[in-house]
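Okay, structure_34.tsv now, which holds TSV, C-alpha atoms:
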chain	number	residue	atom	x	y	z
D	872	MET	CA	-32.98	-15.94	-9.90
D	873	ALA	CA	-29.99	-13.64	-9.90
D	874	VAL	CA	-28.99	-11.81	-6.73
D	875	GLU	CA	-28.30	-8.07	-6.72
D	876	PHE	CA	-26.09	-6.66	-3.99
D	877	LEU	CA	-27.06	-3.36	-2.38
D	878	CYS	CA	-24.75	-0.39	-1.92
D	879	SER	CA	-25.98	2.30	0.49
D	880	VAL	CA	-25.72	6.08	0.31
D	881	HIS	CA	-22.95	5.80	2.94
D	882	GLY	CA	-20.68	4.07	0.39
D	883	THR	CA	-21.15	0.72	2.15
D	884	LEU	CA	-22.35	-2.74	1.17
D	885	ILE	CA	-25.23	-4.53	2.88
D	886	TYR	CA	-24.15	-7.87	4.36
D	887	PHE	CA	-25.53	-10.51	6.74
D	888	ASP	CA	-24.09	-10.67	10.27
D	889	GLY	CA	-24.63	-14.35	11.05
D	890	ALA	CA	-23.38	-14.10	14.64
D	891	ASN	CA	-26.16	-11.64	15.51
D	892	ASN	CA	-28.68	-12.77	12.87
D	893	ARG	CA	-29.22	-9.37	11.32
D	894	LEU	CA	-28.42	-7.30	8.27
D	895	ARG	CA	-25.69	-4.68	8.54
D	896	HIS	CA	-23.73	-2.49	6.17
D	897	GLY	CA	-20.02	-1.72	6.04
D	898	ASN	CA	-16.98	-1.42	3.80
D	899	GLY	CA	-13.45	-2.72	3.64
D	900	PRO	CA	-11.89	-6.10	2.89
D	901	GLY	CA	-13.58	-7.78	5.87
D	902	VAL	CA	-17.13	-7.22	4.62
D	903	PRO	CA	-18.56	-10.45	3.14
D	904	ARG	CA	-20.61	-10.45	-0.04
D	905	ASN	CA	-23.32	-12.64	1.48
D	906	ALA	CA	-26.60	-10.67	1.32
D	907	GLY	CA	-28.63	-9.21	-1.48
D	908	LEU	CA	-31.94	-8.88	-3.25
D	909	MET	CA	-33.89	-11.37	-5.38
D	910	THR	CA	-36.75	-10.10	-7.55
D	911	GLU	CA	-39.41	-11.94	-9.54
D	912	ASP	CA	-42.55	-10.48	-11.12
D	913	GLY	CA	-42.11	-7.20	-9.29
D	914	ILE	CA	-41.83	-8.81	-5.84
D	915	SER	CA	-38.47	-8.79	-4.01
D	916	TRP	CA	-36.96	-10.70	-1.11
D	917	LEU	CA	-33.86	-9.99	0.91
D	918	VAL	CA	-31.65	-13.07	1.02
D	919	CYS	CA	-28.44	-14.23	2.64
D	920	ARG	CA	-25.95	-16.88	1.60
D	921	VAL	CA	-25.88	-19.96	3.83
D	922	GLY	CA	-23.28	-22.38	2.52
D	923	SER	CA	-23.91	-22.61	-1.20
D	924	GLU	CA	-27.59	-21.61	-0.99
D	925	TRP	CA	-29.48	-18.33	-0.75
D	926	ARG	CA	-32.09	-18.19	2.03
D	927	ARG	CA	-34.83	-15.61	2.46
D	928	LEU	CA	-34.55	-13.19	5.35
D	929	ASP	CA	-38.09	-13.19	6.75
D	930	GLY	CA	-37.36	-12.46	10.41
D	931	LEU	CA	-38.20	-9.00	11.76
D	932	ASN	CA	-37.80	-8.05	15.43
D	933	ASN	CA	-39.26	-5.12	17.36
D	934	ALA	CA	-36.27	-2.91	16.56
D	935	GLY	CA	-36.83	-3.41	12.83
D	936	HIS	CA	-33.76	-5.63	12.37
D	937	ILE	CA	-34.04	-8.23	9.62
D	938	GLY	CA	-32.67	-11.77	9.90
D	939	LEU	CA	-33.38	-15.45	9.40
D	940	ALA	CA	-36.73	-16.58	10.78
D	941	ALA	CA	-38.40	-19.83	11.76
D	942	PRO	CA	-39.90	-21.87	8.88
D	943	VAL	CA	-43.49	-20.95	9.85
D	944	THR	CA	-42.88	-17.19	9.61
D	945	ALA	CA	-44.80	-15.26	6.96
D	946	PRO	CA	-42.59	-14.14	4.03
D	947	LEU	CA	-41.22	-10.62	4.12
D	948	ARG	CA	-41.91	-9.25	0.65
D	949	PHE	CA	-40.67	-5.92	-0.66
D	950	ARG	CA	-41.98	-3.57	-3.29
D	951	GLY	CA	-39.25	-1.76	-5.15
D	952	GLN	CA	-39.57	1.90	-6.08
D	953	ARG	CA	-37.14	3.03	-8.75
D	954	GLN	CA	-35.32	6.29	-8.19
D	955	PRO	CA	-33.32	8.48	-10.63
D	956	ASN	CA	-29.89	7.21	-11.75
D	957	ASP	CA	-30.93	3.54	-11.45
D	958	LEU	CA	-31.27	3.74	-7.67
D	959	LEU	CA	-33.81	1.73	-5.70
D	960	SER	CA	-35.89	2.07	-2.52
D	961	LEU	CA	-37.58	-0.92	-0.86
D	962	GLU	CA	-40.88	-0.85	1.05
D	963	ALA	CA	-42.60	-3.58	3.04
D	964	ASN	CA	-45.47	-3.40	5.54
D	965	GLY	CA	-45.78	0.34	4.91
D	966	VAL	CA	-42.19	1.19	5.99
D	967	TRP	CA	-38.88	1.59	4.17
D	968	LEU	CA	-35.61	-0.30	4.35
D	969	CYS	CA	-32.92	1.98	5.79
D	970	ALA	CA	-29.13	1.89	6.17
D	971	GLU	CA	-28.74	3.51	9.59
D	972	ALA	CA	-25.76	5.63	10.64
D	973	ASP	CA	-24.67	3.03	13.24
D	974	GLY	CA	-24.13	0.32	10.61
D	975	THR	CA	-27.43	-1.51	11.13
D	976	VAL	CA	-30.11	-2.05	8.49
D	977	THR	CA	-33.69	-1.59	9.65
D	978	LEU	CA	-37.19	-1.80	8.27
D	979	ALA	CA	-38.86	0.94	10.31
D	980	ARG	CA	-38.67	4.28	8.48
D	981	GLN	CA	-41.95	5.99	7.64
D	982	THR	CA	-40.32	8.57	5.34
D	983	LEU	CA	-38.35	7.93	2.17
D	984	GLY	CA	-35.00	9.73	2.05
D	985	PRO	CA	-31.33	9.24	1.10
D	986	TRP	CA	-30.70	6.59	3.76
D	987	GLU	CA	-33.62	4.59	2.34
D	988	THR	CA	-32.10	4.53	-1.16
D	989	PHE	CA	-29.73	1.90	-2.54
D	990	CYS	CA	-27.70	1.16	-5.64
D	991	PRO	CA	-28.23	-2.42	-6.89
D	992	ILE	CA	-24.99	-4.02	-8.12
D	993	THR	CA	-24.81	-7.30	-10.00
D	994	GLU	CA	-22.35	-10.04	-9.12
D	995	ALA	CA	-20.38	-9.34	-12.31
D	996	GLU	CA	-20.11	-5.67	-11.32
D	997	CYS	CA	-18.91	-6.64	-7.84
D	998	ASP	CA	-16.28	-8.89	-9.41
D	999	PHE	CA	-15.14	-5.99	-11.58
D	1000	LEU	CA	-14.81	-3.67	-8.57
D	1001	ASN	CA	-12.77	-6.32	-6.73
D	1002	GLU	CA	-10.58	-6.84	-9.79
D	1003	ILE	CA	-9.68	-3.20	-10.39
D	1004	GLY	CA	-9.38	-2.53	-6.66
D	1005	GLY	CA	-6.90	-5.34	-6.18
D	1006	GLN	CA	-3.99	-3.81	-8.06
D	1007	SER	CA	-2.41	-0.49	-9.02
D	1008	TRP	CA	-2.95	1.34	-12.32
D	1009	VAL	CA	-1.32	4.09	-14.34
D	1010	ALA	CA	-3.71	6.73	-15.68
D	1011	SER	CA	-3.32	8.13	-19.19
D	1012	GLY	CA	-2.08	11.40	-17.70
D	1013	GLY	CA	0.77	9.54	-15.99
D	1014	GLY	CA	-0.66	9.55	-12.47
D	1015	LEU	CA	-0.52	6.44	-10.29
D	1016	VAL	CA	-3.80	4.99	-9.02
D	1017	ALA	CA	-2.36	3.02	-6.12
D	1018	ASN	CA	-4.10	-0.03	-4.70
D	1019	PRO	CA	-4.90	-1.93	-2.66
D	1020	GLY	CA	-5.71	-0.06	0.52
D	1021	ASP	CA	-4.72	3.47	-0.48
D	1022	VAL	CA	-7.68	5.55	0.70
D	1023	ILE	CA	-6.39	8.67	-1.10
D	1024	HIS	CA	-4.98	7.47	-4.42
D	1025	GLY	CA	-6.81	4.18	-4.85
D	1026	ILE	CA	-10.17	3.08	-6.24
D	1027	GLY	CA	-13.15	3.09	-3.91
D	1028	ILE	CA	-16.85	3.70	-3.37
D	1029	GLU	CA	-17.68	7.02	-1.73
D	1030	THR	CA	-20.82	8.49	-0.15
D	1031	GLU	CA	-23.76	9.79	-2.18
D	1032	PHE	CA	-23.36	6.93	-4.69
D	1033	ARG	CA	-20.10	8.25	-6.06
D	1034	ALA	CA	-16.83	6.50	-6.81
D	1035	ARG	CA	-13.20	7.53	-6.77
D	1036	ILE	CA	-10.40	6.66	-9.16
D	1037	GLY	CA	-7.36	8.28	-7.59
D	1038	MET	CA	-8.30	11.97	-7.40
D	1039	LEU	CA	-11.10	11.61	-9.97
D	1040	TYR	CA	-14.64	11.52	-8.54
D	1041	LEU	CA	-17.57	10.32	-10.61
D	1042	PRO	CA	-20.99	8.66	-10.24
D	1043	ILE	CA	-20.75	5.01	-9.26
D	1044	ARG	CA	-22.68	4.01	-12.40
D	1045	ASP	CA	-19.96	5.56	-14.58
D	1046	LEU	CA	-17.36	3.39	-12.87
D	1047	LEU	CA	-19.50	0.25	-13.19
D	1048	ALA	CA	-20.01	0.98	-16.90
D	1049	ALA	CA	-16.23	0.74	-17.35
D	1050	ARG	CA	-16.64	-3.04	-17.04
D	1051	HIS	CA	-17.65	-2.99	-20.71
D	1052	ARG	CA	-14.77	-0.75	-21.79
D	1053	ARG	CA	-11.83	-3.06	-21.39
D	1054	PHE	CA	-8.98	-3.29	-23.81
D	1055	ARG	CA	-5.94	-5.51	-23.91
D	1056	GLY	CA	-3.95	-4.71	-20.78
D	1057	GLY	CA	-6.35	-2.23	-19.20
D	1058	TRP	CA	-9.70	-0.47	-19.15
D	1059	SER	CA	-11.18	2.98	-19.68
D	1060	VAL	CA	-13.85	5.07	-18.02
D	1061	VAL	CA	-16.02	7.87	-19.47
D	1062	TYR	CA	-16.86	10.75	-17.12
D	1063	ASP	CA	-18.48	14.18	-17.41
D	1064	HIS	CA	-20.36	12.71	-20.39
D	1065	TRP	CA	-17.42	12.87	-22.82
D	1066	LYS	CA	-14.05	12.77	-21.05
D	1067	VAL	CA	-12.12	9.50	-21.15
D	1068	GLU	CA	-9.48	8.16	-18.77
D	1069	TYR	CA	-7.41	5.12	-19.76
D	1070	LEU	CA	-5.87	2.92	-17.08
D	1071	THR	CA	-3.18	0.32	-17.63
D	1072	PRO	CA	-1.63	-1.98	-15.01
D	1073	PHE	CA	1.21	-0.58	-12.93
D	1074	ARG	CA	4.00	-3.10	-13.38
D	1075	PRO	CA	7.25	-1.58	-12.18
D	1076	LEU	CA	10.55	-3.24	-13.01
D	1077	ILE	CA	13.12	-2.81	-10.23
D	1078	TYR	CA	16.44	-4.65	-10.35
D	1079	MET	CA	19.73	-4.03	-8.60
D	1080	ILE	CA	23.30	-5.24	-8.85
D	1081	ALA	CA	25.30	-5.65	-5.63
D	1082	TYR	CA	28.62	-7.42	-5.23
D	1083	GLY	CA	31.97	-6.97	-3.58
D	1084	LYS	CA	32.55	-4.88	-0.48
D	1085	GLN	CA	30.29	-4.82	2.59
D	1086	GLU	CA	29.69	-1.09	2.03
D	1087	ILE	CA	27.86	-1.96	-1.19
D	1088	PHE	CA	25.40	-4.14	0.71
D	1089	GLU	CA	24.90	-1.53	3.41
D	1090	THR	CA	23.94	0.91	0.65
D	1091	LEU	CA	21.62	-1.74	-0.82
D	1092	SER	CA	19.94	-2.12	2.57
D	1093	LEU	CA	19.31	1.64	2.78
D	1094	LEU	CA	17.88	1.66	-0.73
D	1095	LEU	CA	15.50	-1.23	0.00
D	1096	GLU	CA	14.35	0.39	3.24
D	1097	SER	CA	13.74	3.67	1.41
D	1098	LEU	CA	11.61	1.94	-1.23
D	1099	ARG	CA	9.53	0.21	1.44
D	1100	GLU	CA	9.06	3.04	3.93
D	1101	PHE	CA	9.07	6.18	1.79
D	1102	GLY	CA	8.07	4.77	-1.58
D	1103	GLN	CA	5.42	2.45	-0.08
D	1104	TYR	CA	6.59	-0.14	-2.60
D	1105	SER	CA	5.42	-3.70	-2.00
D	1106	GLY	CA	6.25	-5.36	-5.31
D	1107	ASP	CA	9.09	-7.58	-6.45
D	1108	ILE	CA	12.75	-6.60	-6.66
D	1109	LEU	CA	15.35	-8.62	-8.56
D	1110	ILE	CA	18.90	-8.55	-7.14
D	1111	PHE	CA	21.99	-9.72	-9.05
D	1112	THR	CA	24.71	-10.51	-6.50
D	1113	ASP	CA	27.73	-12.66	-5.74
D	1114	ARG	CA	26.27	-13.69	-2.34
D	1115	ASN	CA	23.87	-16.53	-1.65
D	1116	LEU	CA	20.50	-16.04	-0.01
D	1117	ASP	CA	21.69	-16.81	3.52
D	1118	GLN	CA	24.44	-14.21	3.21
D	1119	LEU	CA	22.10	-11.63	1.68
D	1120	GLN	CA	19.16	-12.13	4.03
D	1121	PRO	CA	20.46	-9.99	6.96
Would you mind writing the file's structure down as structure tokens?
Amino acid sequence: MAVEFLCSVHGTLIYFDGANNRLRHGNGPGVPRNAGLMTEDGISWLVCRVGSEWRRLDGLNNAGHIGLAAPVTAPLRFRGQRQPNDLLSLEANGVWLCAEADGTVTLARQTLGPWETFCPITEAECDFLNEIGGQSWVASGGGLVANPGDVIHGIGIETEFRARIGMLYLPIRDLLAARHRRFRGGWSVVYDHWKVEYLTPFRPLIYMIAYGKQEIFETLSLLLESLREFGQYSGDILIFTDRNLDQLQP
């Protein structure tokens, strides 16, 4: 059975905290993709990755935290309730799965609300998000969508099941649908039902020529420092010079 990963209304991904044996949710590069949902014949199980296998999360403590349980524990089965925009809520034992504000995931809520709603994401969709979030792009309007790690101009998942491409905000499903709109060298996204944004890889070409007097290399040093500190440039630079690497390194 395929595993679907769960994105919360907080813009976070549900993952398994093995050190504390409980589900949590978070975002950022340190969050592992190791917990999700398996469904068969209308019945769902929360699972976590242990080595190369997926194991069911059947443990439930008094605080409503979910984790691995002993082999004799009764299975923790969920009933999914579909919500608008392909969202999903999960109920078991008369209560709802909830992504709490403190980063924990509990099964204790009597009322269904935004925190009890999730966006299922397939593994292929997760791979696509990692791919486009791992480099920088140039939009068709000429703007730079800078990645990785740029929380203002980059690509990311926001709250309320929305996504961001630079300064463009759109439903997360519109961004995920862009996985099927690739072209040679880039991809496109449709938003507001009819508008289209094309994105191609940002591949700057920077080369410099420096030879002769020491003043030339002092100027080169200032230029490189300016690119790094003010331009936030972290790519490659090709230097043509009459000095070897040991002489140029300082």
Within 8 Å of range 1060-1064 of chain D using all atoms listed in the file, minus same-chain residues under 5 positions, as a ChimeraX atom specification: /D:1041,1045-1046,1048-1049,1052,1069
Given all atoms listed in the file as the counted atoms, nearest of D:Gly913, D:Gly1025, D:Gly1106, D:Gly1014 to Ile1077 in chain D: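 Answer, going by the shortest atom-to-atom distance: D:Gly1106.
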Polymer residues at most 10 Å from range 978-980 of chain D, all atoms listed in the file, same-chain spacing of 4 or more positions, as a PyMOL selection string: chain D and resi 931-937+961-970+984+986-987
Pick from D:Gln952, D:Tyr1078, D:Val880, D:Ala873 nearest to Val918 in chain D, counting only C-alpha atoms: D:Ala873
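The coordinates place CA of Leu917 in chain D at 10.2 Å from CA of Phe887 in chain D.
Between CA of Asn905 in chain D and CA of Ile1028 in chain D lies a distance of 18.2 Å.
If all atoms listed in the file are the atoms counted, then among D:Leu1047, D:Ala995, D:Leu1039, D:Ala945 the closest residue to Lys1066 in chain D is D:Leu1039.
For the residues D:Ser1007, D:Asn956, D:Gln1118, D:Ser1097, ranking by smallest atom-to-atom distance to Gly1057 in chain D using all atoms listed in the file places D:Ser1007 first.
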Minimum-distance residue to Ala1017 in chain D, chosen among D:Thr1030, D:His1051, D:Leu1091, D:Tyr1104 (using all atoms listed in the file):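 The closest residue to Ala1017 in chain D is D:Tyr1104.
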Report, as JSON, the axis-aligned box around all atoms of range 970-980 of chain D present in the file, extended by 8 Å on each side; give centre and edge lengths in Å to one decimal place.
{"center_x": -31.5, "center_y": 1.8, "center_z": 9.7, "size_x": 30.7, "size_y": 23.7, "size_z": 23.1}
One-decimal distance in Å that lies between CA of Asn898 in chain D and CA of Ala941 in chain D: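 Interatomic distance here is 29.3 Å.
If only C-alpha atoms are the atoms counted, then among D:Thr975, D:Glu996, D:Glu1089, D:Glu924 the closest residue to Glu875 in chain D is D:Glu996.
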Residues within 7 Å of (-37.1, -15.5, 5.7), counting only C-alpha atoms, listed as number ranges by chain: D: 926-930, 939-940, 946-947
Neighbours of point (-21.6, -10.9, 3.2) within 10 Å, using all atoms listed in the file, written as a ChimeraX atom specification: /D:876,884-889,894-897,901-907,919-920
Thr1112 in chain D environment, 7 Å, only C-alpha atoms, sequence neighbours closer than 3 positions dropped, as a short mmCIF file (atom, residue, chain, number, x, y, z; two decimals) with C-alpha atoms, in the frame of the given file:
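Output file around08.cif follows:
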data_model
loop_
_atom_site.label_atom_id
_atom_site.label_comp_id
_atom_site.auth_asym_id
_atom_site.auth_seq_id
_atom_site.Cartn_x
_atom_site.Cartn_y
_atom_site.Cartn_z
CA ILE D 1080 23.30 -5.24 -8.85
CA ALA D 1081 25.30 -5.65 -5.63
CA TYR D 1082 28.62 -7.42 -5.23
#
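Near Ser1011 in chain D, within a cut-off of 9 Å and counting all atoms listed in the file, sit the residues Val1009, Gly1013, Gly1014, Glu1068, Tyr1069, Leu1070 and Thr1071 of chain D, with same-chain residues fewer than 2 positions away left out.
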